[in-house]
$ cat structure-v6.txt   # compact mmCIF, C-alpha atoms (C1' of nucleotides)
# COMPACT_ATOMS: atom_id res chain seq x y z
CA MET N 125 60.43 99.87 112.00
CA SER N 126 60.44 96.67 110.02
CA LYS N 127 63.83 95.11 109.69
CA THR N 128 63.45 94.75 105.94
CA LYS N 129 67.01 95.86 105.29
CA SER N 130 69.59 94.17 107.39
CA LYS N 131 71.49 94.00 104.17
CA LYS N 132 74.95 95.04 105.28
CA SER N 133 76.45 93.37 108.28
CA LYS N 134 77.77 95.62 111.01
CA LYS N 135 81.23 94.37 110.19
CA GLN N 136 80.79 95.56 106.63
CA ILE N 137 79.67 98.97 107.85
CA ILE N 138 82.70 99.22 110.09
CA LEU N 139 85.00 98.35 107.21
CA GLU N 140 83.42 100.97 104.98
CA GLU N 141 83.49 103.77 107.51
CA ALA N 142 87.04 102.89 108.39
CA ALA N 143 88.06 102.93 104.74
CA THR N 144 86.59 106.41 104.33
CA LEU N 145 88.51 107.65 107.34
CA PHE N 146 91.73 105.94 106.26
CA ARG N 147 91.49 107.72 102.94
CA GLU N 148 90.89 111.08 104.58
CA LYS N 149 93.43 111.00 107.38
CA GLY N 150 95.54 107.93 106.81
CA TYR N 151 95.64 104.73 108.83
CA SER N 152 97.82 105.93 111.69
CA ALA N 153 95.98 109.18 112.23
CA THR N 154 92.63 107.43 112.37
CA THR N 155 91.65 106.24 115.84
CA MET N 156 89.30 103.48 116.85
CA ARG N 157 87.22 106.19 118.49
CA ASP N 158 86.98 108.02 115.15
CA ILE N 159 85.69 104.87 113.49
CA ALA N 160 83.29 104.09 116.31
CA SER N 161 81.87 107.57 116.17
CA LYS N 162 81.15 107.25 112.44
CA VAL N 163 79.49 103.90 113.01
CA GLY N 164 77.48 105.40 115.84
CA VAL N 165 78.83 103.28 118.63
CA GLU N 166 81.41 103.32 121.41
CA ALA N 167 84.96 102.29 120.55
CA ALA N 168 84.87 99.20 122.71
CA SER N 169 81.79 97.93 120.87
CA LEU N 170 83.74 97.57 117.66
CA TYR N 171 85.50 94.60 119.18
CA ASN N 172 82.28 92.61 119.08
CA HIS N 173 82.71 92.55 115.31
CA ILE N 174 86.39 92.83 114.53
CA THR N 175 89.51 91.64 116.28
CA GLY N 176 91.52 94.83 116.08
CA LYS N 177 92.51 97.89 114.13
CA GLU N 178 94.95 96.10 111.94
CA GLN N 179 92.47 93.48 110.88
CA ILE N 180 90.34 96.27 109.47
CA LEU N 181 93.18 97.45 107.28
CA SER N 182 94.02 93.92 106.27
CA LYS N 183 90.44 93.09 105.24
CA ILE N 184 90.26 96.24 103.14
CA CYS N 185 93.57 95.65 101.37
CA PHE N 186 92.97 92.01 100.57
CA SER N 187 89.38 92.36 99.46
CA LEU N 188 90.34 94.78 96.70
CA ALA N 189 93.50 92.87 95.88
CA ASP N 190 91.34 89.79 95.33
CA THR N 191 89.10 91.74 93.01
CA TYR N 192 92.09 92.69 90.89
CA THR N 193 93.41 89.16 90.89
CA SER N 194 90.21 87.53 89.75
CA LYS N 195 89.66 90.07 87.00
CA MET N 196 93.19 89.51 85.85
CA ASP N 197 92.55 85.77 85.62
CA VAL N 198 89.61 86.31 83.33
CA ILE N 199 91.56 88.57 81.04
CA VAL N 200 94.65 86.38 80.95
CA ASN N 201 92.56 83.39 79.89
CA SER N 202 90.71 85.22 77.17
CA ASN N 203 91.56 84.94 73.50
CA GLU N 204 92.05 88.60 72.84
CA SER N 205 95.14 90.24 71.38
CA ALA N 206 97.78 91.58 73.73
CA ILE N 207 96.89 95.15 72.97
CA ALA N 208 93.22 94.49 73.65
CA LYS N 209 94.09 92.86 76.97
CA ILE N 210 96.14 95.87 77.96
CA LYS N 211 93.30 98.19 77.14
CA GLU N 212 90.90 96.13 79.20
CA LEU N 213 93.22 96.09 82.19
CA LEU N 214 93.67 99.83 82.00
CA LEU N 215 89.90 100.24 81.89
CA LEU N 216 89.60 98.05 84.95
CA HIS N 217 92.02 100.26 86.82
CA VAL N 218 90.23 103.41 85.78
CA GLU N 219 86.91 102.03 86.91
CA ILE N 220 88.14 100.84 90.27
CA ASN N 221 90.08 103.99 91.00
CA ALA N 222 87.26 106.22 89.92
CA MET N 223 84.32 104.55 91.56
CA SER N 224 85.38 101.96 94.02
CA SER N 225 84.76 104.09 97.06
CA PRO N 226 87.75 104.56 99.33
CA LEU N 227 89.03 101.02 98.92
CA ALA N 228 91.46 101.92 96.17
CA SER N 229 93.06 104.75 98.12
CA VAL N 230 93.50 102.59 101.16
CA MET N 231 94.94 99.62 99.31
CA ASN N 232 97.35 101.80 97.36
CA ASP N 233 98.53 104.10 100.11
CA GLU N 234 98.07 102.35 103.45
CA TRP N 235 99.20 98.78 102.82
CA ARG N 236 102.59 99.57 104.28
CA HIS N 237 101.05 99.76 107.73
CA LEU N 238 100.31 96.06 107.56
CA THR N 239 102.64 94.02 109.76
CA GLU N 240 104.03 90.63 108.97
CA PRO N 241 102.94 88.22 107.77
CA GLU N 242 100.12 90.16 106.08
CA ARG N 243 102.51 92.69 104.64
CA GLY N 244 104.56 90.04 102.93
CA GLU N 245 101.50 88.26 101.60
CA PHE N 246 100.17 91.48 100.20
CA LEU N 247 103.39 92.35 98.42
CA GLU N 248 103.60 88.84 97.03
CA LYS N 249 100.10 89.19 95.60
CA ARG N 250 100.95 92.50 94.08
CA ARG N 251 104.13 91.17 92.53
CA THR N 252 102.25 88.30 90.94
CA TYR N 253 99.70 90.67 89.49
CA GLU N 254 102.40 92.90 88.06
CA ASN N 255 104.19 89.93 86.53
CA HIS N 256 101.04 88.86 84.74
CA PHE N 257 100.61 92.36 83.44
CA LEU N 258 104.25 92.49 82.35
CA ALA N 259 103.89 89.24 80.45
CA ILE N 260 101.04 90.72 78.45
CA ILE N 261 103.04 93.83 77.61
CA ASN N 262 105.96 91.69 76.50
CA GLU N 263 103.56 89.67 74.38
CA GLY N 264 102.56 92.93 72.73
CA ILE N 265 106.17 93.89 72.16
CA ALA N 266 106.83 90.46 70.65
CA ASP N 267 103.96 90.66 68.17
CA GLY N 268 104.94 94.21 67.25
CA SER N 269 101.76 95.94 68.40
CA VAL N 270 103.41 97.62 71.39
CA VAL N 271 106.45 99.86 71.26
CA VAL N 272 108.09 100.85 74.55
CA SER N 273 111.74 100.87 75.43
CA ASP N 274 111.20 99.24 78.83
CA ALA N 275 108.17 97.17 79.75
CA LYS N 276 108.50 97.60 83.51
CA VAL N 277 108.84 101.35 83.33
CA ALA N 278 105.90 101.50 80.96
CA LEU N 279 103.78 99.38 83.31
CA TYR N 280 104.49 101.44 86.39
CA THR N 281 103.95 104.63 84.47
CA MET N 282 100.57 103.50 83.22
CA LEU N 283 99.32 102.17 86.53
CA SER N 284 100.55 105.19 88.40
CA SER N 285 98.97 107.55 85.92
CA ILE N 286 95.52 106.35 86.86
CA ARG N 287 95.88 106.76 90.59
CA TRP N 288 95.13 110.45 90.79
CA LEU N 289 91.51 109.52 90.14
CA GLN N 290 91.17 108.02 93.58
CA HIS N 291 92.11 111.26 95.26
CA TRP N 292 90.31 113.51 92.90
CA TYR N 293 87.29 111.90 91.38
CA HIS N 294 85.08 111.60 94.41
CA SER N 295 85.16 115.36 94.88
CA ASN N 296 84.47 116.10 91.22
CA ARG N 297 81.41 114.04 90.46
CA ASP N 298 80.23 116.49 87.86
CA MET N 299 82.83 115.21 85.45
CA ASN N 300 81.61 112.63 83.00
CA VAL N 301 83.10 109.23 83.72
CA GLU N 302 83.07 108.11 80.14
CA SER N 303 84.92 111.18 79.02
CA VAL N 304 87.56 110.73 81.69
CA LYS N 305 88.01 107.12 80.68
CA GLU N 306 88.32 108.09 77.07
CA THR N 307 90.95 110.74 77.70
CA ILE N 308 93.13 108.62 79.94
CA ILE N 309 92.95 105.45 77.91
CA GLY N 310 93.43 107.44 74.73
CA LEU N 311 96.52 109.10 76.08
CA LEU N 312 98.06 105.92 77.38
CA MET N 313 97.21 103.67 74.46
CA ASN N 314 98.49 106.27 72.06
CA GLY N 315 101.67 106.38 74.05
CA ILE N 316 102.49 102.70 73.72
CA LYS N 317 100.96 101.79 70.40
CA LYS N 318 103.08 101.46 67.33
CA SER N 319 102.36 104.51 65.20
CA MET X 72 138.52 116.17 115.22
CA SER X 73 138.89 119.39 113.36
CA LYS X 74 135.58 121.04 112.71
CA THR X 75 136.29 121.51 109.02
CA LYS X 76 132.86 120.36 107.98
CA SER X 77 130.03 121.98 109.84
CA LYS X 78 128.44 122.19 106.45
CA LYS X 79 124.89 121.14 107.21
CA SER X 80 123.13 122.75 110.11
CA LYS X 81 121.62 120.46 112.69
CA LYS X 82 118.24 121.71 111.65
CA GLN X 83 118.93 120.57 108.12
CA ILE X 84 119.97 117.17 109.36
CA ILE X 85 116.78 116.87 111.38
CA LEU X 86 114.68 117.78 108.35
CA GLU X 87 116.44 115.20 106.21
CA GLU X 88 116.20 112.37 108.69
CA ALA X 89 112.59 113.24 109.33
CA ALA X 90 111.82 113.23 105.62
CA THR X 91 113.32 109.78 105.25
CA LEU X 92 111.21 108.48 108.11
CA PHE X 93 108.08 110.20 106.83
CA ARG X 94 108.53 108.48 103.52
CA GLU X 95 109.02 105.10 105.13
CA LYS X 96 106.32 105.12 107.76
CA GLY X 97 104.23 108.19 107.10
CA TYR X 98 103.98 111.36 109.15
CA SER X 99 101.62 110.11 111.84
CA ALA X 100 103.43 106.87 112.44
CA THR X 101 106.76 108.63 112.86
CA THR X 102 107.50 109.75 116.40
CA MET X 103 109.76 112.48 117.61
CA ARG X 104 111.73 109.77 119.35
CA ASP X 105 112.20 108.01 116.00
CA ILE X 106 113.58 111.18 114.50
CA ALA X 107 115.77 111.92 117.49
CA SER X 108 117.23 108.45 117.39
CA LYS X 109 118.20 108.82 113.73
CA VAL X 110 119.79 112.17 114.45
CA GLY X 111 121.61 110.65 117.41
CA VAL X 112 120.07 112.73 120.13
CA GLU X 113 117.29 112.66 122.72
CA ALA X 114 113.81 113.67 121.61
CA ALA X 115 113.73 116.74 123.81
CA SER X 116 116.92 118.04 122.22
CA LEU X 117 115.20 118.41 118.88
CA TYR X 118 113.34 121.36 120.30
CA ASN X 119 116.54 123.36 120.46
CA HIS X 120 116.39 123.46 116.67
CA ILE X 121 112.78 123.19 115.62
CA THR X 122 109.54 124.35 117.18
CA GLY X 123 107.58 121.15 116.81
CA LYS X 124 106.73 118.13 114.74
CA GLU X 125 104.44 119.94 112.41
CA GLN X 126 106.98 122.58 111.57
CA ILE X 127 109.22 119.82 110.27
CA LEU X 128 106.53 118.68 107.87
CA SER X 129 105.76 122.22 106.87
CA LYS X 130 109.38 123.07 106.08
CA ILE X 131 109.72 119.95 103.96
CA CYS X 132 106.55 120.57 101.98
CA PHE X 133 107.18 124.23 101.28
CA SER X 134 110.84 123.88 100.41
CA LEU X 135 110.08 121.52 97.54
CA ALA X 136 106.97 123.44 96.54
CA ASP X 137 109.16 126.52 96.18
CA THR X 138 111.55 124.60 93.98
CA TYR X 139 108.70 123.68 91.65
CA THR X 140 107.37 127.21 91.61
CA SER X 141 110.65 128.86 90.73
CA LYS X 142 111.39 126.35 87.98
CA MET X 143 107.92 126.94 86.59
CA ASP X 144 108.59 130.67 86.47
CA VAL X 145 111.68 130.16 84.36
CA ILE X 146 109.88 127.93 81.90
CA VAL X 147 106.80 130.13 81.64
CA ASN X 148 108.94 133.12 80.78
CA SER X 149 110.98 131.33 78.14
CA ASN X 150 110.36 131.66 74.43
CA GLU X 151 109.91 128.00 73.68
CA SER X 152 106.93 126.40 72.02
CA ALA X 153 104.14 125.02 74.16
CA ILE X 154 105.08 121.43 73.41
CA ALA X 155 108.71 122.10 74.34
CA LYS X 156 107.63 123.69 77.61
CA ILE X 157 105.51 120.67 78.44
CA LYS X 158 108.40 118.35 77.77
CA GLU X 159 110.66 120.40 80.02
CA LEU X 160 108.16 120.39 82.84
CA LEU X 161 107.72 116.65 82.58
CA LEU X 162 111.48 116.24 82.71
CA LEU X 163 111.57 118.39 85.82
CA HIS X 164 109.05 116.15 87.50
CA VAL X 165 110.91 113.02 86.53
CA GLU X 166 114.13 114.39 87.89
CA ILE X 167 112.68 115.53 91.18
CA ASN X 168 110.71 112.37 91.76
CA ALA X 169 113.59 110.15 90.83
CA MET X 170 116.42 111.82 92.68
CA SER X 171 115.22 114.36 95.10
CA SER X 172 115.62 112.19 98.14
CA PRO X 173 112.51 111.70 100.21
CA LEU X 174 111.26 115.23 99.76
CA ALA X 175 109.00 114.38 96.84
CA SER X 176 107.28 111.53 98.64
CA VAL X 177 106.64 113.63 101.67
CA MET X 178 105.31 116.63 99.77
CA ASN X 179 103.05 114.48 97.63
CA ASP X 180 101.69 112.14 100.27
CA GLU X 181 101.91 113.83 103.65
CA TRP X 182 100.82 117.40 103.00
CA ARG X 183 97.34 116.59 104.23
CA HIS X 184 98.66 116.36 107.76
CA LEU X 185 99.40 120.05 107.69
CA THR X 186 96.94 122.07 109.74
CA GLU X 187 95.59 125.47 108.93
CA PRO X 188 96.74 127.89 107.85
CA GLU X 189 99.67 125.98 106.31
CA ARG X 190 97.40 123.47 104.69
CA GLY X 191 95.45 126.15 102.88
CA GLU X 192 98.59 127.95 101.77
CA PHE X 193 100.03 124.75 100.43
CA LEU X 194 96.93 123.90 98.42
CA GLU X 195 96.82 127.43 97.07
CA LYS X 196 100.40 127.11 95.88
CA ARG X 197 99.66 123.81 94.27
CA ARG X 198 96.59 125.16 92.51
CA THR X 199 98.56 128.06 91.10
CA TYR X 200 101.20 125.71 89.79
CA GLU X 201 98.60 123.52 88.14
CA ASN X 202 96.93 126.49 86.54
CA HIS X 203 100.17 127.59 84.98
CA PHE X 204 100.69 124.11 83.64
CA LEU X 205 97.14 123.99 82.33
CA ALA X 206 97.62 127.27 80.51
CA ILE X 207 100.58 125.82 78.68
CA ILE X 208 98.64 122.73 77.65
CA ASN X 209 95.80 124.88 76.38
CA GLU X 210 98.33 126.93 74.46
CA GLY X 211 99.45 123.70 72.82
CA ILE X 212 95.88 122.75 72.01
CA ALA X 213 95.31 126.19 70.50
CA ASP X 214 98.35 126.02 68.22
CA GLY X 215 97.44 122.48 67.18
CA SER X 216 100.52 120.73 68.52
CA VAL X 217 98.68 119.01 71.37
CA VAL X 218 95.65 116.78 71.01
CA VAL X 219 93.81 115.76 74.18
CA SER X 220 90.09 115.72 74.83
CA ASP X 221 90.43 117.30 78.28
CA ALA X 222 93.40 119.36 79.40
CA LYS X 223 92.80 118.87 83.12
CA VAL X 224 92.49 115.12 82.87
CA ALA X 225 95.60 115.00 80.72
CA LEU X 226 97.53 117.10 83.21
CA TYR X 227 96.64 114.98 86.22
CA THR X 228 97.31 111.82 84.28
CA MET X 229 100.76 112.98 83.28
CA LEU X 230 101.78 114.26 86.68
CA SER X 231 100.44 111.20 88.43
CA SER X 232 102.18 108.88 86.03
CA ILE X 233 105.55 110.07 87.21
CA ARG X 234 104.96 109.61 90.91
CA TRP X 235 105.69 105.91 91.11
CA LEU X 236 109.34 106.86 90.70
CA GLN X 237 109.45 108.33 94.18
CA HIS X 238 108.40 105.04 95.75
CA TRP X 239 110.35 102.83 93.48
CA TYR X 240 113.45 104.45 92.19
CA HIS X 241 115.49 104.73 95.36
CA SER X 242 115.38 100.97 95.79
CA ASN X 243 116.31 100.25 92.17
CA ARG X 244 119.38 102.34 91.64
CA ASP X 245 120.74 99.93 89.09
CA MET X 246 118.32 101.24 86.52
CA ASN X 247 119.70 103.86 84.19
CA VAL X 248 118.16 107.26 84.86
CA GLU X 249 118.42 108.42 81.30
CA SER X 250 116.66 105.35 80.03
CA VAL X 251 113.84 105.77 82.54
CA LYS X 252 113.46 109.40 81.54
CA GLU X 253 113.37 108.46 77.90
CA THR X 254 110.72 105.81 78.33
CA ILE X 255 108.40 107.90 80.44
CA ILE X 256 108.70 111.08 78.47
CA GLY X 257 108.43 109.14 75.25
CA LEU X 258 105.27 107.45 76.37
CA LEU X 259 103.63 110.62 77.59
CA MET X 260 104.67 112.92 74.77
CA ASN X 261 103.56 110.34 72.23
CA GLY X 262 100.25 110.22 74.01
CA ILE X 263 99.46 113.90 73.70
CA LYS X 264 101.22 114.87 70.49
CA LYS X 265 99.31 115.24 67.30
CA SER X 266 100.15 112.23 65.16
C1' DC S 53 140.32 132.26 133.45
C1' DA S 54 135.70 133.97 133.33
C1' DT S 55 131.56 134.21 130.72
C1' DG S 56 127.69 133.52 128.07
C1' DT S 57 125.44 131.12 124.49
C1' DT S 58 124.30 126.87 122.29
C1' DA S 59 122.73 122.47 122.59
C1' DA S 60 122.75 118.31 124.94
C1' DC S 61 120.74 115.69 128.93
C1' DT S 62 117.13 113.64 132.50
C1' DA S 63 112.52 113.75 134.28
C1' DA S 64 108.20 114.44 133.95
C1' DC S 65 103.62 116.17 132.27
C1' DA S 66 99.08 115.64 130.29
C1' DT S 67 96.83 113.38 126.42
C1' DT S 68 95.76 110.04 123.42
C1' DT S 69 95.81 105.42 121.93
C1' DG S 70 94.38 100.39 121.28
C1' DT S 71 92.43 97.21 123.91
C1' DT S 72 90.28 94.40 127.86
C1' DA S 73 86.96 93.40 131.67
C1' DG S 74 82.72 93.38 133.40
C1' DT S 75 77.95 94.70 133.07
C1' DT S 76 73.62 95.92 131.01
C1' DT S 77 70.49 96.27 127.13
C1' DT S 78 68.18 94.36 123.09
C1' DG S 79 65.37 91.40 120.62
C1' DA S 80 64.12 87.00 118.51
C1' DA S 81 62.72 82.25 119.76
C1' DA S 82 60.62 79.21 123.12
C1' DT J 215 56.81 85.65 129.82
C1' DT J 216 61.13 83.47 130.16
C1' DT J 217 65.44 82.67 128.07
C1' DC J 218 69.71 83.23 125.82
C1' DA J 219 72.95 84.99 122.73
C1' DA J 220 74.44 89.13 120.36
C1' DA J 221 75.95 93.50 120.90
C1' DA J 222 75.83 97.67 123.24
C1' DC J 223 77.57 100.26 127.34
C1' DT J 224 80.95 102.21 131.23
C1' DA J 225 85.38 102.12 133.30
C1' DA J 226 89.79 101.46 133.20
C1' DC J 227 94.67 100.20 131.97
C1' DA J 228 99.17 100.19 130.16
C1' DA J 229 101.82 102.02 126.66
C1' DA J 230 103.11 105.61 123.68
C1' DT J 231 103.13 110.42 122.25
C1' DG J 232 104.38 115.53 121.72
C1' DT J 233 106.11 118.71 124.50
C1' DT J 234 107.96 121.50 128.62
C1' DA J 235 111.01 122.42 132.69
C1' DG J 236 115.11 122.51 134.70
C1' DT J 237 119.88 121.31 134.58
C1' DT J 238 124.42 120.27 132.85
C1' DA J 239 128.17 119.90 129.36
C1' DA J 240 130.77 122.17 125.29
C1' DC J 241 133.14 125.60 123.73
C1' DA J 242 134.15 130.03 121.30
C1' DT J 243 134.98 134.78 122.78
C1' DG J 244 136.25 138.57 126.06
$ encode --input "structure-v6.txt" --output "structure tokens"
Amino acid sequence: MSKTKSKKSKKQIILEEAATLFREKGYSATTMRDIASKVGVEAASLYNHITGKEQILSKICFSLADTYTSKMDVIVNSNESAIAKIKELLLLHVEINAMSSPLASVMNDEWRHLTEPERGEFLEKRRTYENHFLAIINEGIADGSVVVSDAKVALYTMLSSIRWLQHWYHSNRDMNVESVKETIIGLLMNGIKKS
Amino acid sequence: MSKTKSKKSKKQIILEEAATLFREKGYSATTMRDIASKVGVEAASLYNHITGKEQILSKICFSLADTYTSKMDVIVNSNESAIAKIKELLLLHVEINAMSSPLASVMNDEWRHLTEPERGEFLEKRRTYENHFLAIINEGIADGSVVVSDAKVALYTMLSSIRWLQHWYHSNRDMNVESVKETIIGLLMNGIKKS
DNA sequence: CATGTTAACTAACATTTGTTAGTTTTGAAA
DNA sequence: TTTCAAAACTAACAAATGTTAGTTAACATG
């Protein structure tokens, strides 16, 4: 009745419904008509708000990538120890993968359907992020608090280990988030810490 | 000239080329014409060897799933300690994800494009495998050799942590397999072992 | 050579897809 | 009430897709 809540823009709604569908069926198997139907509109009407299917994917990928990047900046510029930074980054990943709606799944699994130049830009962003993370691990190795035989392998292993949450968590809400966090972080930190 | 090497059946070749394409572009984005072109044949000719696109996916998924299942049987029926069994299973996953061509990627990422009843059968198989693995972890917890606060979370974390290999390894062949194995297994086993 | 099976080809089909064009509806401001 | 932009609708298109039909080449066996 009253228009008290025009909070989310239609564009935002489209992006969210699309993200949910992309997670479920993948980018290629999701049609504009699928998205429109979820939004409650005809397919052609989507084009009043977005410029095309690929822009939807692009917006999703880059919005979460930017979240990661800005969080990384904060952590890099903090005065904490290397091992504390690593723990914080791992916590960030757990939180995003566990809660952050379908964005994480889409960014992780569907980015390859981006075309140039977006694809290249995305990979560049990811590489930069990984390099920052690697630098912190190497810092930890240098000060003796971290023991791994290969920093890159350790990084990929840790990041990858958290990804199952995105496919699993949203259908297992009964599980306590804090306990999941604790188990994963415990396992990983134990694995790299000097004993 | 001579037909000395009709080793691989055409069907096998189709499955392999398809798997490579599925890994690169995903199931939905791969067309029968793409596959045919890789095989060196017209799209319609594929149907002399396979019954349809989905059968290709199905064959790929189940062939690797069967590999996992039979290896699991051997390990379950061995007389090793729980912690040794876990280590062996992790090594199996590392090996398959690192070397086993595109099969691992396809089974892990594209199974959801299976339709019923294959989809249900696949998930059932996967659940059984996970339950066997879980039983071993719980055995380790019971005998005090394994310390994790939640067996299921630990299992998913470990299995997930190995998956990056499938996307990464085949484009980084220079890296020593044994060293990768060592790092990953070291990290994970350290993480769950009683210290 | 004759024959029959295997597997390739060309042509075409019915759908589905992303997208555009053109038109009508909606709703706030004047 | 009139007006005007935003956003919905219907209709359609051109391209791409999985698949089938019908036909021809390859070639081992009788």
$ residues_around --input "structure-v6.txt" --residues "DT237 (chain J)" --least-positions-apart "2" --cutoff "10 Å" --atoms "all atoms listed in the file" --output "list in words"
DC61 and DT62 of chain S; DA235 and DA239 of chain J
$ interface_residues --input "structure-v6.txt" --of "chain N" --to "chain J" --cutoff "9 Å" --atoms "all atoms listed in the file" --output "PyMOL selection string"
chain N and resi 165-166+168-169+172-173
$ closest_residue --input "structure-v6.txt" --among "X:Ile106, X:Leu161, X:Leu117, X:Ala89" --to "chain S" --atoms "all atoms listed in the file"
X:Leu117
$ closest_residue --input "structure-v6.txt" --among "X:Leu163, X:Leu194, X:Val219, X:Leu185" --to "Asn314 (chain N)" --atoms "only C-alpha atoms"
X:Val219
$ interface_residues --input "structure-v6.txt" --of "chain X" --to "chain N" --cutoff "7 Å" --atoms "all atoms listed in the file" --output "ChimeraX atom specification"
/X:99-100,219-221,224-225,227-229,231-235,251,254-255,258-259,261-263
$ interface_residues --input "structure-v6.txt" --of "chain S" --to "chain X" --cutoff "12 Å" --atoms "all atoms listed in the file" --output "VMD selection string"
chain S and resid 58 to 64
$ residues_around --input "structure-v6.txt" --residues "Ala228 (chain N)" --least-positions-apart "4" --cutoff "8 Å" --atoms "only C-alpha atoms (C1' of nucleotides)" --output "PyMOL selection string"
chain N and resi 188+220-221+224+232+290
$ atom_distance --input "structure-v6.txt" --atom1 "CA of Ile261 (chain N)" --atom2 "CA of Ser205 (chain N)"
10.7 Å
$ atom_distance --input "structure-v6.txt" --atom1 "CA of Ser202 (chain N)" --atom2 "CA of Glu245 (chain N)"
26.9 Å
$ residues_around --input "structure-v6.txt" --residues "Ser133 (chain N)" --least-positions-apart "4" --cutoff "12 Å" --atoms "all atoms listed in the file" --output "compact mmCIF listing (two decimals) with C-alpha atoms, in the coordinates of the input"
# COMPACT_ATOMS: atom_id res chain seq x y z
CA LYS N 129 67.01 95.86 105.29
CA ILE N 137 79.67 98.97 107.85
CA ILE N 138 82.70 99.22 110.09
CA LEU N 139 85.00 98.35 107.21
CA GLU N 140 83.42 100.97 104.98
CA VAL N 163 79.49 103.90 113.01
CA HIS N 173 82.71 92.55 115.31
CA ILE N 174 86.39 92.83 114.53
$ residues_around --input "structure-v6.txt" --residues "Leu213 (chain N)" --least-positions-apart "2" --cutoff "9 Å" --atoms "only C-alpha atoms (C1' of nucleotides)" --output "compact mmCIF listing (two decimals) with C-alpha atoms, in the coordinates of the input"
# COMPACT_ATOMS: atom_id res chain seq x y z
CA LYS N 195 89.66 90.07 87.00
CA MET N 196 93.19 89.51 85.85
CA ILE N 199 91.56 88.57 81.04
CA ALA N 208 93.22 94.49 73.65
CA LYS N 209 94.09 92.86 76.97
CA ILE N 210 96.14 95.87 77.96
CA LYS N 211 93.30 98.19 77.14
CA LEU N 215 89.90 100.24 81.89
CA LEU N 216 89.60 98.05 84.95
CA HIS N 217 92.02 100.26 86.82
CA VAL N 218 90.23 103.41 85.78
CA PHE N 257 100.61 92.36 83.44
$ build_atoms --input "structure-v6.txt" --residues "region 147-160 of chain N" --atoms "N, CA and C atoms" --output "compact mmCIF listing (two decimals), in the coordinates of the input"
# COMPACT_ATOMS: atom_id res chain seq x y z
N ARG N 147 91.18 106.90 104.12
CA ARG N 147 91.49 107.72 102.94
C ARG N 147 91.69 109.18 103.32
N GLU N 148 90.83 109.66 104.19
CA GLU N 148 90.89 111.08 104.58
C GLU N 148 92.14 111.41 105.39
N LYS N 149 92.41 110.62 106.42
CA LYS N 149 93.43 111.00 107.38
C LYS N 149 94.60 110.04 107.42
N GLY N 150 94.49 108.93 106.72
CA GLY N 150 95.54 107.93 106.81
C GLY N 150 95.27 106.96 107.94
N TYR N 151 95.89 105.80 107.85
CA TYR N 151 95.64 104.73 108.83
C TYR N 151 96.07 105.15 110.24
N SER N 152 97.28 105.64 110.36
CA SER N 152 97.82 105.93 111.69
C SER N 152 97.09 107.07 112.39
N ALA N 153 96.64 108.02 111.63
CA ALA N 153 95.98 109.18 112.23
C ALA N 153 94.51 108.92 112.52
N THR N 154 94.02 107.79 112.10
CA THR N 154 92.63 107.43 112.37
C THR N 154 92.55 106.59 113.63
N THR N 155 91.74 106.98 114.59
CA THR N 155 91.65 106.24 115.84
C THR N 155 90.41 105.34 115.85
N MET N 156 90.46 104.36 116.69
CA MET N 156 89.30 103.48 116.85
C MET N 156 88.09 104.30 117.29
N ARG N 157 88.33 105.34 118.05
CA ARG N 157 87.22 106.19 118.49
C ARG N 157 86.62 106.97 117.32
N ASP N 158 87.48 107.38 116.38
CA ASP N 158 86.98 108.02 115.15
C ASP N 158 86.02 107.08 114.42
N ILE N 159 86.49 105.86 114.24
CA ILE N 159 85.69 104.87 113.49
C ILE N 159 84.38 104.61 114.21
N ALA N 160 84.49 104.38 115.51
CA ALA N 160 83.29 104.09 116.31
C ALA N 160 82.26 105.22 116.18
